[in-house]
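Structure data follow from coords-v6.cif (mmCIF, C-alpha atoms and all ligand atoms):
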data_final
loop_
_atom_site.group_PDB
_atom_site.id
_atom_site.type_symbol
_atom_site.label_atom_id
_atom_site.label_comp_id
_atom_site.auth_asym_id
_atom_site.auth_seq_id
_atom_site.Cartn_x
_atom_site.Cartn_y
_atom_site.Cartn_z
ATOM 1 C CA MET A 1 0.000 0.000 0.000
ATOM 2 C CA LEU A 2 0.979 3.596 -0.434
ATOM 3 C CA SER A 3 -0.101 6.531 1.704
ATOM 4 C CA ALA A 4 -1.954 9.480 0.195
ATOM 5 C CA ASP A 5 1.218 11.531 0.693
ATOM 6 C CA GLN A 6 3.304 9.015 -1.252
ATOM 7 C CA ILE A 7 0.821 9.020 -4.111
ATOM 8 C CA SER A 8 0.674 12.795 -4.328
ATOM 9 C CA SER A 9 4.466 13.043 -4.044
ATOM 10 C CA TYR A 10 4.817 10.636 -7.005
ATOM 11 C CA ARG A 11 2.342 12.672 -9.042
ATOM 12 C CA GLU A 12 4.068 15.941 -8.155
ATOM 13 C CA ASN A 13 7.739 14.916 -8.386
ATOM 14 C CA GLY A 14 7.603 11.965 -10.781
ATOM 15 C CA TYR A 15 9.394 9.531 -8.489
ATOM 16 C CA LEU A 16 9.069 7.743 -5.169
ATOM 17 C CA MET A 17 11.367 5.787 -2.855
ATOM 18 C CA ILE A 18 9.928 2.836 -0.951
ATOM 19 C CA ARG A 19 12.077 1.412 1.817
ATOM 20 C CA ASP A 20 12.116 -2.376 2.462
ATOM 21 C CA ALA A 21 9.914 -2.992 -0.538
ATOM 22 C CA LEU A 22 11.028 -6.604 -0.960
ATOM 23 C CA LEU A 23 10.371 -9.279 1.623
ATOM 24 C CA PRO A 24 13.635 -10.733 3.012
ATOM 25 C CA ASP A 25 13.188 -14.094 1.241
ATOM 26 C CA GLN A 26 12.412 -12.375 -2.079
ATOM 27 C CA LEU A 27 15.557 -10.295 -1.742
ATOM 28 C CA ALA A 28 17.767 -13.254 -0.811
ATOM 29 C CA THR A 29 16.487 -15.310 -3.767
ATOM 30 C CA LEU A 30 17.130 -12.539 -6.281
ATOM 31 C CA GLN A 31 20.564 -11.781 -4.836
ATOM 32 C CA ASP A 32 21.617 -15.444 -5.112
ATOM 33 C CA LEU A 33 20.322 -15.714 -8.670
ATOM 34 C CA THR A 34 22.050 -12.516 -9.723
ATOM 35 C CA ASN A 35 25.360 -13.775 -8.385
ATOM 36 C CA GLU A 36 24.831 -17.056 -10.270
ATOM 37 C CA PHE A 37 24.249 -15.150 -13.511
ATOM 38 C CA ILE A 38 27.382 -13.068 -12.979
ATOM 39 C CA GLU A 39 29.348 -16.275 -12.354
ATOM 40 C CA ALA A 40 27.905 -17.822 -15.536
ATOM 41 C CA SER A 41 29.026 -14.793 -17.553
ATOM 42 C CA ARG A 42 32.638 -15.919 -17.037
ATOM 43 C CA ALA A 43 32.042 -18.353 -19.917
ATOM 44 C CA VAL A 44 30.977 -15.583 -22.284
ATOM 45 C CA SER A 45 33.339 -13.366 -24.254
ATOM 46 C CA GLU A 46 30.852 -11.300 -26.288
ATOM 47 C CA SER A 47 27.549 -9.661 -25.432
ATOM 48 C CA ASN A 48 24.644 -11.973 -26.230
ATOM 49 C CA ASP A 49 20.900 -12.346 -25.558
ATOM 50 C CA ILE A 50 21.485 -12.620 -21.807
ATOM 51 C CA PHE A 51 24.582 -10.603 -20.981
ATOM 52 C CA ASP A 52 25.593 -7.099 -21.940
ATOM 53 C CA LEU A 53 29.340 -7.015 -21.307
ATOM 54 C CA ASP A 54 31.248 -3.969 -20.137
ATOM 55 C CA ASP A 55 34.760 -3.052 -21.269
ATOM 56 C CA GLY A 56 37.386 -5.307 -19.692
ATOM 57 C CA HIS A 57 35.091 -8.314 -19.141
ATOM 58 C CA SER A 58 36.990 -11.609 -18.874
ATOM 59 C CA ALA A 59 36.577 -15.071 -17.404
ATOM 60 C CA ALA A 60 38.834 -14.021 -14.541
ATOM 61 C CA GLN A 61 37.000 -10.769 -13.883
ATOM 62 C CA PRO A 62 33.354 -10.649 -15.003
ATOM 63 C CA ARG A 63 32.279 -7.121 -15.863
ATOM 64 C CA LEU A 64 28.654 -6.744 -16.929
ATOM 65 C CA THR A 65 26.587 -3.701 -17.567
ATOM 66 C CA ARG A 66 23.398 -5.737 -17.639
ATOM 67 C CA ILE A 67 21.624 -9.087 -17.401
ATOM 68 C CA LYS A 68 18.929 -8.772 -20.071
ATOM 69 C CA LEU A 69 15.252 -9.617 -19.557
ATOM 70 C CA PRO A 70 15.640 -11.300 -16.149
ATOM 71 C CA HIS A 71 11.884 -12.004 -15.997
ATOM 72 C CA ILE A 72 12.291 -14.604 -18.753
ATOM 73 C CA ARG A 73 15.613 -15.949 -17.484
ATOM 74 C CA HIS A 74 14.321 -17.312 -14.178
ATOM 75 C CA PRO A 75 10.755 -17.617 -12.805
ATOM 76 C CA ALA A 76 11.727 -15.932 -9.523
ATOM 77 C CA PHE A 77 12.075 -12.586 -11.304
ATOM 78 C CA TRP A 78 8.559 -12.925 -12.692
ATOM 79 C CA GLU A 79 7.194 -14.100 -9.346
ATOM 80 C CA VAL A 80 8.566 -11.027 -7.575
ATOM 81 C CA ALA A 81 7.159 -8.717 -10.243
ATOM 82 C CA THR A 82 3.700 -10.240 -9.899
ATOM 83 C CA SER A 83 3.751 -10.714 -6.123
ATOM 84 C CA ASP A 84 1.031 -9.146 -3.983
ATOM 85 C CA ARG A 85 3.806 -7.340 -2.150
ATOM 86 C CA LEU A 86 5.064 -5.528 -5.240
ATOM 87 C CA THR A 87 1.747 -4.886 -6.919
ATOM 88 C CA SER A 88 0.354 -3.372 -3.716
ATOM 89 C CA PHE A 89 2.797 -0.480 -4.288
ATOM 90 C CA LEU A 90 1.996 -0.133 -7.980
ATOM 91 C CA LYS A 91 -1.796 -0.362 -8.228
ATOM 92 C CA PRO A 92 -2.389 2.934 -6.391
ATOM 93 C CA LEU A 93 -0.361 4.696 -9.080
ATOM 94 C CA VAL A 94 -1.833 3.331 -12.315
ATOM 95 C CA GLY A 95 -4.792 1.150 -11.406
ATOM 96 C CA ASP A 96 -5.407 -2.578 -11.281
ATOM 97 C CA ASN A 97 -4.472 -3.486 -14.841
ATOM 98 C CA ILE A 98 -0.697 -3.349 -15.247
ATOM 99 C CA ARG A 99 1.472 -4.760 -18.015
ATOM 100 C CA LEU A 100 5.232 -5.316 -18.055
ATOM 101 C CA HIS A 101 6.986 -3.623 -20.915
ATOM 102 C CA THR A 102 10.437 -5.036 -20.244
ATOM 103 C CA SER A 103 12.955 -5.838 -17.502
ATOM 104 C CA LYS A 104 16.710 -5.528 -17.034
ATOM 105 C CA LEU A 105 19.171 -6.022 -14.249
ATOM 106 C CA ASN A 106 21.812 -3.337 -14.437
ATOM 107 C CA THR A 107 24.863 -4.726 -12.698
ATOM 108 C CA LYS A 108 27.289 -1.855 -13.165
ATOM 109 C CA ALA A 109 30.696 -3.398 -12.716
ATOM 110 C CA PRO A 110 33.089 -2.205 -9.979
ATOM 111 C CA GLY A 111 35.864 0.262 -10.758
ATOM 112 C CA GLY A 112 34.234 2.400 -13.451
ATOM 113 C CA GLY A 113 31.153 0.412 -14.593
ATOM 114 C CA ALA A 114 29.392 2.325 -17.352
ATOM 115 C CA ALA A 115 27.394 5.472 -16.752
ATOM 116 C CA VAL A 116 23.837 5.737 -18.048
ATOM 117 C CA GLU A 117 23.536 9.091 -19.752
ATOM 118 C CA TRP A 118 20.585 11.366 -18.953
ATOM 119 C CA HIS A 119 17.421 10.345 -20.724
ATOM 120 C CA GLN A 120 13.656 9.906 -20.528
ATOM 121 C CA ASP A 121 12.463 6.314 -20.944
ATOM 122 C CA TRP A 122 9.525 7.661 -22.933
ATOM 123 C CA ALA A 123 11.919 8.534 -25.748
ATOM 124 C CA PHE A 124 12.650 4.805 -26.151
ATOM 125 C CA PHE A 125 9.105 3.464 -26.025
ATOM 126 C CA PRO A 126 6.315 5.998 -26.511
ATOM 127 C CA HIS A 127 2.824 4.715 -25.745
ATOM 128 C CA THR A 128 -0.683 6.042 -26.235
ATOM 129 C CA ASN A 129 -0.646 7.439 -22.695
ATOM 130 C CA ASP A 130 2.166 7.979 -20.211
ATOM 131 C CA ASP A 131 0.881 6.045 -17.186
ATOM 132 C CA LEU A 132 4.103 4.042 -17.188
ATOM 133 C CA PHE A 133 6.994 3.841 -14.780
ATOM 134 C CA SER A 134 10.230 2.059 -14.062
ATOM 135 C CA VAL A 135 10.533 0.145 -10.809
ATOM 136 C CA GLY A 136 14.142 -0.073 -9.581
ATOM 137 C CA ILE A 137 14.794 -2.704 -6.930
ATOM 138 C CA MET A 138 18.140 -2.370 -5.178
ATOM 139 C CA LEU A 139 19.691 -5.816 -4.861
ATOM 140 C CA GLU A 140 22.675 -4.413 -2.960
ATOM 141 C CA ASP A 141 23.084 -1.151 -1.091
ATOM 142 C CA VAL A 142 23.230 1.782 -3.489
ATOM 143 C CA THR A 143 25.596 4.521 -2.341
ATOM 144 C CA LEU A 144 26.939 7.799 -3.676
ATOM 145 C CA ALA A 145 30.060 5.925 -4.815
ATOM 146 C CA ASN A 146 28.561 3.116 -6.846
ATOM 147 C CA GLY A 147 26.639 4.989 -9.530
ATOM 148 C CA PRO A 148 23.203 5.604 -8.008
ATOM 149 C CA LEU A 149 20.213 6.580 -10.073
ATOM 150 C CA MET A 150 19.707 10.354 -10.239
ATOM 151 C CA VAL A 151 16.450 11.999 -11.198
ATOM 152 C CA ILE A 152 15.312 15.546 -11.889
ATOM 153 C CA PRO A 153 11.998 16.077 -10.098
ATOM 154 C CA GLU A 154 8.960 17.309 -12.015
ATOM 155 C CA THR A 155 10.542 16.869 -15.457
ATOM 156 C CA HIS A 156 7.861 14.245 -16.189
ATOM 157 C CA LYS A 157 5.466 17.160 -16.590
ATOM 158 C CA GLY A 158 7.721 18.961 -19.063
ATOM 159 C CA PRO A 159 8.653 18.407 -22.678
ATOM 160 C CA VAL A 160 10.239 15.314 -24.132
ATOM 161 C CA LEU A 161 13.731 16.469 -25.027
ATOM 162 C CA SER A 162 15.562 15.397 -28.161
ATOM 163 C CA HIS A 163 17.341 12.062 -27.808
ATOM 164 C CA HIS A 164 18.894 12.352 -31.251
ATOM 165 C CA GLN A 165 22.448 13.119 -32.243
ATOM 166 C CA GLY A 166 23.500 13.670 -35.848
ATOM 167 C CA GLY A 167 20.065 12.550 -37.055
ATOM 168 C CA VAL A 168 20.222 9.216 -35.214
ATOM 169 C CA PHE A 169 18.430 8.102 -32.050
ATOM 170 C CA CYS A 170 21.148 8.028 -29.382
ATOM 171 C CA GLY A 171 19.053 7.375 -26.257
ATOM 172 C CA ALA A 172 20.299 10.409 -24.350
ATOM 173 C CA ILE A 173 19.695 14.124 -24.147
ATOM 174 C CA ASP A 174 22.410 16.645 -24.844
ATOM 175 C CA PRO A 175 23.618 17.789 -21.398
ATOM 176 C CA ALA A 176 24.189 21.238 -22.917
ATOM 177 C CA HIS A 177 20.442 21.617 -23.483
ATOM 178 C CA PRO A 178 19.393 24.938 -21.912
ATOM 179 C CA THR A 179 16.623 23.367 -19.803
ATOM 180 C CA PHE A 180 18.855 20.654 -18.333
ATOM 181 C CA ASP A 181 19.552 21.704 -14.744
ATOM 182 C CA LEU A 182 21.825 19.271 -12.922
ATOM 183 C CA ASP A 183 21.583 21.349 -9.752
ATOM 184 C CA ARG A 184 18.024 20.101 -9.342
ATOM 185 C CA ALA A 185 19.029 16.424 -9.480
ATOM 186 C CA VAL A 186 18.093 14.139 -6.594
ATOM 187 C CA THR A 187 20.255 11.082 -5.915
ATOM 188 C CA LEU A 188 18.400 7.896 -5.021
ATOM 189 C CA THR A 189 20.549 5.943 -2.580
ATOM 190 C CA GLY A 190 19.257 3.168 -0.367
ATOM 191 C CA GLN A 191 19.702 -0.272 1.079
ATOM 192 C CA ALA A 192 19.259 -3.660 -0.529
ATOM 193 C CA GLY A 193 15.518 -4.300 -0.759
ATOM 194 C CA ASP A 194 14.590 -0.628 -1.203
ATOM 195 C CA MET A 195 12.843 0.357 -4.399
ATOM 196 C CA SER A 196 12.471 3.473 -6.524
ATOM 197 C CA ILE A 197 9.654 4.169 -8.948
ATOM 198 C CA HIS A 198 10.175 6.787 -11.623
ATOM 199 C CA HIS A 199 7.730 8.060 -14.198
ATOM 200 C CA VAL A 200 8.403 7.190 -17.837
ATOM 201 C CA ARG A 201 8.948 10.858 -18.742
ATOM 202 C CA LEU A 202 11.210 11.742 -15.804
ATOM 203 C CA LEU A 203 14.778 12.747 -16.707
ATOM 204 C CA HIS A 204 17.276 10.391 -15.096
ATOM 205 C CA GLY A 205 20.808 9.085 -15.423
ATOM 206 C CA SER A 206 23.605 7.602 -13.365
ATOM 207 C CA ALA A 207 27.346 8.103 -13.037
ATOM 208 C CA PRO A 208 29.979 5.372 -13.461
ATOM 209 C CA ASN A 209 30.409 2.968 -10.575
ATOM 210 C CA MET A 210 33.660 4.006 -8.907
ATOM 211 C CA SER A 211 33.319 1.634 -5.942
ATOM 212 C CA ASP A 212 34.895 -1.802 -5.584
ATOM 213 C CA GLY A 213 31.565 -3.686 -5.678
ATOM 214 C CA ALA A 214 28.950 -4.133 -8.411
ATOM 215 C CA ARG A 215 25.913 -1.848 -8.310
ATOM 216 C CA LYS A 216 22.926 -4.113 -8.847
ATOM 217 C CA ILE A 217 19.506 -2.631 -9.580
ATOM 218 C CA LEU A 218 16.707 -4.721 -11.061
ATOM 219 C CA PHE A 219 14.458 -2.590 -13.258
ATOM 220 C CA TYR A 220 10.939 -3.558 -14.270
ATOM 221 C CA GLU A 221 9.363 -1.192 -16.779
ATOM 222 C CA MET A 222 5.617 -1.354 -16.414
ATOM 223 C CA GLY A 223 2.483 0.641 -16.812
ATOM 224 C CA ALA A 224 -1.259 0.754 -17.116
ATOM 225 C CA ALA A 225 -2.392 -2.004 -19.466
ATOM 226 C CA ASP A 226 -4.413 0.530 -21.429
ATOM 227 C CA ALA A 227 -1.220 2.289 -22.504
ATOM 228 C CA TRP A 228 -0.539 0.732 -25.912
ATOM 229 C CA PRO A 229 2.937 0.863 -27.385
ATOM 230 C CA ILE A 230 3.159 3.032 -30.437
ATOM 231 C CA ASN A 231 4.448 1.099 -33.382
ATOM 232 C CA GLY A 232 7.994 1.918 -34.309
ATOM 233 C CA ASN A 233 9.146 0.547 -30.983
ATOM 234 C CA SER A 234 7.471 -2.776 -31.570
ATOM 235 C CA GLY A 235 10.495 -4.990 -30.937
ATOM 236 C CA ALA A 236 9.317 -6.118 -27.515
ATOM 237 C CA TYR A 237 6.000 -7.222 -28.993
ATOM 238 C CA THR A 238 6.830 -8.534 -32.451
ATOM 239 C CA GLY A 239 10.385 -9.792 -32.113
ATOM 240 C CA MET A 240 11.421 -7.414 -34.888
ATOM 241 C CA SER A 241 14.489 -5.262 -34.369
ATOM 242 C CA GLN A 242 14.167 -1.499 -34.606
ATOM 243 C CA ARG A 243 16.308 -1.723 -37.709
ATOM 244 C CA ASP A 244 13.822 -4.133 -39.346
ATOM 245 C CA VAL A 245 10.849 -1.985 -38.321
ATOM 246 C CA TRP A 246 12.582 1.063 -39.758
ATOM 247 C CA ALA A 247 13.321 -0.778 -42.991
ATOM 248 C CA LYS A 248 9.725 -2.022 -43.206
ATOM 249 C CA LEU A 249 8.318 1.492 -42.792
ATOM 250 C CA HIS A 250 10.383 2.610 -45.747
ATOM 251 C CA GLU A 251 9.393 -0.436 -47.745
ATOM 252 C CA ASN A 252 5.731 0.445 -47.261
ATOM 253 C CA MET A 253 5.988 4.099 -48.284
ATOM 254 C CA ILE A 254 3.779 4.946 -51.284
ATOM 255 C CA CYS A 255 5.289 8.399 -51.740
ATOM 256 C CA GLY A 256 7.161 11.051 -49.738
ATOM 257 C CA THR A 257 9.447 10.371 -46.790
ATOM 258 C CA GLN A 258 9.053 8.736 -43.390
ATOM 259 C CA PRO A 259 9.066 11.413 -40.637
ATOM 260 C CA ILE A 260 10.307 10.656 -37.128
ATOM 261 C CA SER A 261 7.572 12.714 -35.468
ATOM 262 C CA ALA A 262 4.180 11.201 -34.699
ATOM 263 C CA ARG A 263 0.842 12.987 -34.197
ATOM 264 C CA LEU A 264 -0.964 12.104 -31.055
ATOM 265 C CA ALA A 265 -3.346 13.759 -28.640
ATOM 266 C CA ASP A 266 -2.067 15.003 -25.278
ATOM 267 C CA VAL A 267 1.273 13.165 -25.138
ATOM 268 C CA PRO A 268 4.407 14.490 -26.852
ATOM 269 C CA VAL A 269 6.060 11.805 -28.961
ATOM 270 C CA ILE A 270 9.280 11.660 -30.951
ATOM 271 C CA MET A 271 9.869 8.234 -32.443
ATOM 272 C CA PRO A 272 13.174 6.536 -31.525
ATOM 273 C CA VAL A 273 14.336 6.266 -35.120
ATOM 274 C CA PRO A 274 16.508 6.112 -37.142
ATOM 275 C CA PRO A 275 18.096 3.560 -34.792
ATOM 276 C CA PRO A 276 21.764 3.661 -33.890
ATOM 277 C CA PRO A 277 24.128 0.927 -35.166
ATOM 278 C CA ASP A 278 23.824 -1.138 -31.961
ATOM 279 C CA GLY A 279 20.427 -1.168 -30.235
ATOM 280 C CA SER A 280 21.066 -4.160 -27.993
ATOM 281 C CA SER A 281 20.977 -2.233 -24.682
ATOM 282 C CA ILE A 282 20.808 1.368 -23.509
ATOM 283 C CA PHE A 283 24.563 1.288 -22.989
ATOM 284 C CA LYS A 284 25.135 0.269 -26.593
ATOM 285 C CA VAL A 285 22.468 2.655 -27.929
ATOM 286 C CA GLN A 286 24.086 5.604 -26.187
ATOM 287 C CA ARG A 287 27.620 4.636 -27.154
ATOM 288 C CA SER A 288 26.963 3.670 -30.775
ATOM 289 C CA GLY A 289 24.489 6.541 -31.243
ATOM 290 C CA GLY A 290 27.147 9.060 -30.245
ATOM 291 C CA ALA A 291 25.459 10.395 -27.092
ATOM 292 C CA VAL A 292 27.239 13.352 -25.529
ATOM 293 C CA SER A 293 28.323 12.271 -22.055
ATOM 294 C CA ALA A 294 27.402 14.242 -18.967
ATOM 295 C CA PHE A 295 29.676 11.997 -16.931
ATOM 296 C CA ALA A 296 32.818 11.544 -19.040
ATOM 297 C CA THR A 297 34.731 14.363 -17.381
ATOM 298 C CA GLN A 298 33.815 13.091 -13.940
ATOM 299 C CA ALA A 299 34.938 9.543 -14.813
ATOM 300 C CA GLU A 300 38.175 10.807 -16.340
ATOM 301 C CA ILE A 301 38.985 12.938 -13.287
ATOM 302 C CA ARG A 302 38.264 10.040 -10.954
ATOM 303 C CA SER A 303 40.259 7.512 -12.939
ATOM 304 C CA GLU A 304 43.205 9.887 -13.066
ATOM 305 C CA GLN A 305 43.360 10.039 -9.272
ATOM 306 C CA PRO A 306 46.125 7.877 -7.741
ATOM 307 C CA ALA A 307 44.792 4.574 -6.376
HETATM 308 O O1 LIG A 401 21.082 1.589 -14.294
HETATM 309 C C1 LIG A 401 20.843 2.789 -14.173
HETATM 310 O O2 LIG A 401 21.425 3.504 -13.359
HETATM 311 C C2 LIG A 401 19.788 3.472 -15.001
HETATM 312 C C3 LIG A 401 19.154 2.561 -15.981
HETATM 313 C C4 LIG A 401 18.233 3.217 -16.927
HETATM 314 O O3 LIG A 401 17.840 4.330 -16.785
HETATM 315 C C5 LIG A 401 17.794 2.436 -18.072
HETATM 316 O O4 LIG A 401 18.303 1.311 -18.284
HETATM 317 O O5 LIG A 401 16.912 2.941 -18.808
#
Structure encoded using structure tokens:
Amino acid sequence: MLSADQISSYRENGYLMIRDALLPDQLATLQDLTNEFIEASRAVSESNDIFDLDDGHSAAQPRLTRIKLPHIRHPAFWEVATSDRLTSFLKPLVGDNIRLHTSKLNTKAPGGGAAVEWHQDWAFFPHTNDDLFSVGIMLEDVTLANGPLMVIPETHKGPVLSHHQGGVFCGAIDPAHPTFDLDRAVTLTGQAGDMSIHHVRLLHGSAPNMSDGARKILFYEMGAADAWPINGNSGAYTGMSQRDVWAKLHENMICGTQPISARLADVPVIMPVPPPPDGSSIFKVQRSGGAVSAFATQAEIRSEQPA
């Protein structure tokens, strides 16, 4: 359950922190499984359907940015998502009918694990309404040092900023954008078992993990079941890649050109196309799409400091 204050705070600010959201046995199960997946990644030398590898990954030292789609990798991830415990926090925000859009377990590796550049999830998967959010379950303590999620309150009520660079979708805003105000950012730290919820249009990002432990946050992207995905980001539903969808749109043109804007009532939408060369995870989208980093300088300064 959520209190009336929590609900109005979410509506006003676009995010919410819930302490001890997971039951102890749920947390322990997911922690064990996550460690097993990280162990299994020792056998992998290239990113694949399950693992998104970070720079420097090796059998001796696993370095992952992400375990992809955990809800289909092991039933426990689905069971937690659908548990009465979790849904009791979500129903007050978007009603009783909730659908999962996707899931990911971002396991930012120790000692510099990749930043996530500032973005709005909505830019990746626009829907017919914006009653969608991302649930972030902390599987280990999240501290200032290990690349916590940062959010800019109330931006979910503002415009959807451009996530394009050089005419390509790059999954990140330009940090030089005049409305981007880092001074307003709130850092979401917490203990294992705590959970954040952020609105699909809220601006958020996270710095590299400069600690000596992995930063593990399990994200479920969900929303009201009456929010229908707008075609063009149909990969999660059709199995088609963004590249194939983009090609198909062109194939079907009778005359003229395919615009990247879409006309809709009430919700601002910019379609996440043309896709970048590698769309296999947000890390790869931002890197291959040429996103301008808000964190590069910070990471460089930190890595230049003597150990
Ligand atoms: O892992 C993080 O810190 C942020 C993840 C995120 O925003 C995303 O994957 O869309």
Exactly which residues make up the result of the PyMOL selection byres (((not hetatm)) within 7 of (chain A and resi 401)) on this file, given as a compact mmCIF listing (two decimals) with C-alpha atoms, in the frame of the given file?
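The new file result09.txt reads:
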# COMPACT_ATOMS: atom_id res chain seq x y z
CA ASN A 106 21.81 -3.34 -14.44
CA VAL A 116 23.84 5.74 -18.05
CA ASP A 121 12.46 6.31 -20.94
CA GLY A 147 26.64 4.99 -9.53
CA PRO A 148 23.20 5.60 -8.01
CA LEU A 149 20.21 6.58 -10.07
CA HIS A 204 17.28 10.39 -15.10
CA GLY A 205 20.81 9.09 -15.42
CA SER A 206 23.60 7.60 -13.36
CA ILE A 217 19.51 -2.63 -9.58
CA ILE A 282 20.81 1.37 -23.51
So what do you get for CA of Ala214 in chain A versus CA of Thr87 in chain A, distance-wise? 27.3 Å
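Polymer residues near (19.1, 7.5, -6.1): counting all atoms listed in the file with a cut-off of 10 Å, they are Met17, Gly136, Met138, Val142, Thr143, Leu144, Gly147, Pro148, Leu149, Met150, Val151, Ala185, Val186, Thr187, Leu188, Thr189, Gly190, Met195, Ser196, His204, Gly205 and Ser206 of chain A.
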Using CA of Ala207 in chain A and CA of Lys68 in chain A as the two end points, give the distance in Å to one decimal. 20.1 Å
From the options A:Tyr15, A:Phe37, A:Phe89, A:Trp122, which residue's atoms come nearest to Ile67 in chain A, counting all atoms listed in the file? A:Phe37
Centre and size of axis-aligned box enclosing range 70-85 of chain A plus 3 Å each side, as AutoDock Vina command-line options:
--center_x 8.3 --center_y -12.5 --center_z -10.5 --size_x 20.6 --size_y 16.3 --size_z 22.6
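Nearest residue to Glu117 in chain A among A:Asp84, A:Asp226, A:Asp183, A:Asp174 is A:Asp174, counting only C-alpha atoms.
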Exactly which residues make up the result of the PyMOL selection byres (((chain A and resi 81) around 12) and not hetatm) on this file, given as a ChimeraX atom specification? /A:21-22,26,30,70-72,74-80,82-90,98-103,134-137,218-222
Within 12 Å of Thr179 in chain A using all atoms listed in the file, minus same-chain residues under 6 positions, as a PDB file with C-alpha atoms, keeping the file's coordinate frame:
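Writing done, so here's part24.pdb:
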ATOM      1  CA  ILE A 152      15.312  15.546 -11.889  1.00  0.00           C
ATOM      2  CA  THR A 155      10.542  16.869 -15.457  1.00  0.00           C
ATOM      3  CA  GLY A 158       7.721  18.961 -19.063  1.00  0.00           C
ATOM      4  CA  PRO A 159       8.653  18.407 -22.678  1.00  0.00           C
ATOM      5  CA  VAL A 160      10.239  15.314 -24.132  1.00  0.00           C
ATOM      6  CA  LEU A 161      13.731  16.469 -25.027  1.00  0.00           C
ATOM      7  CA  SER A 162      15.562  15.397 -28.161  1.00  0.00           C
ATOM      8  CA  ILE A 173      19.695  14.124 -24.147  1.00  0.00           C
ATOM      9  CA  LEU A 203      14.778  12.747 -16.707  1.00  0.00           C
TER      10      LEU A 203
END
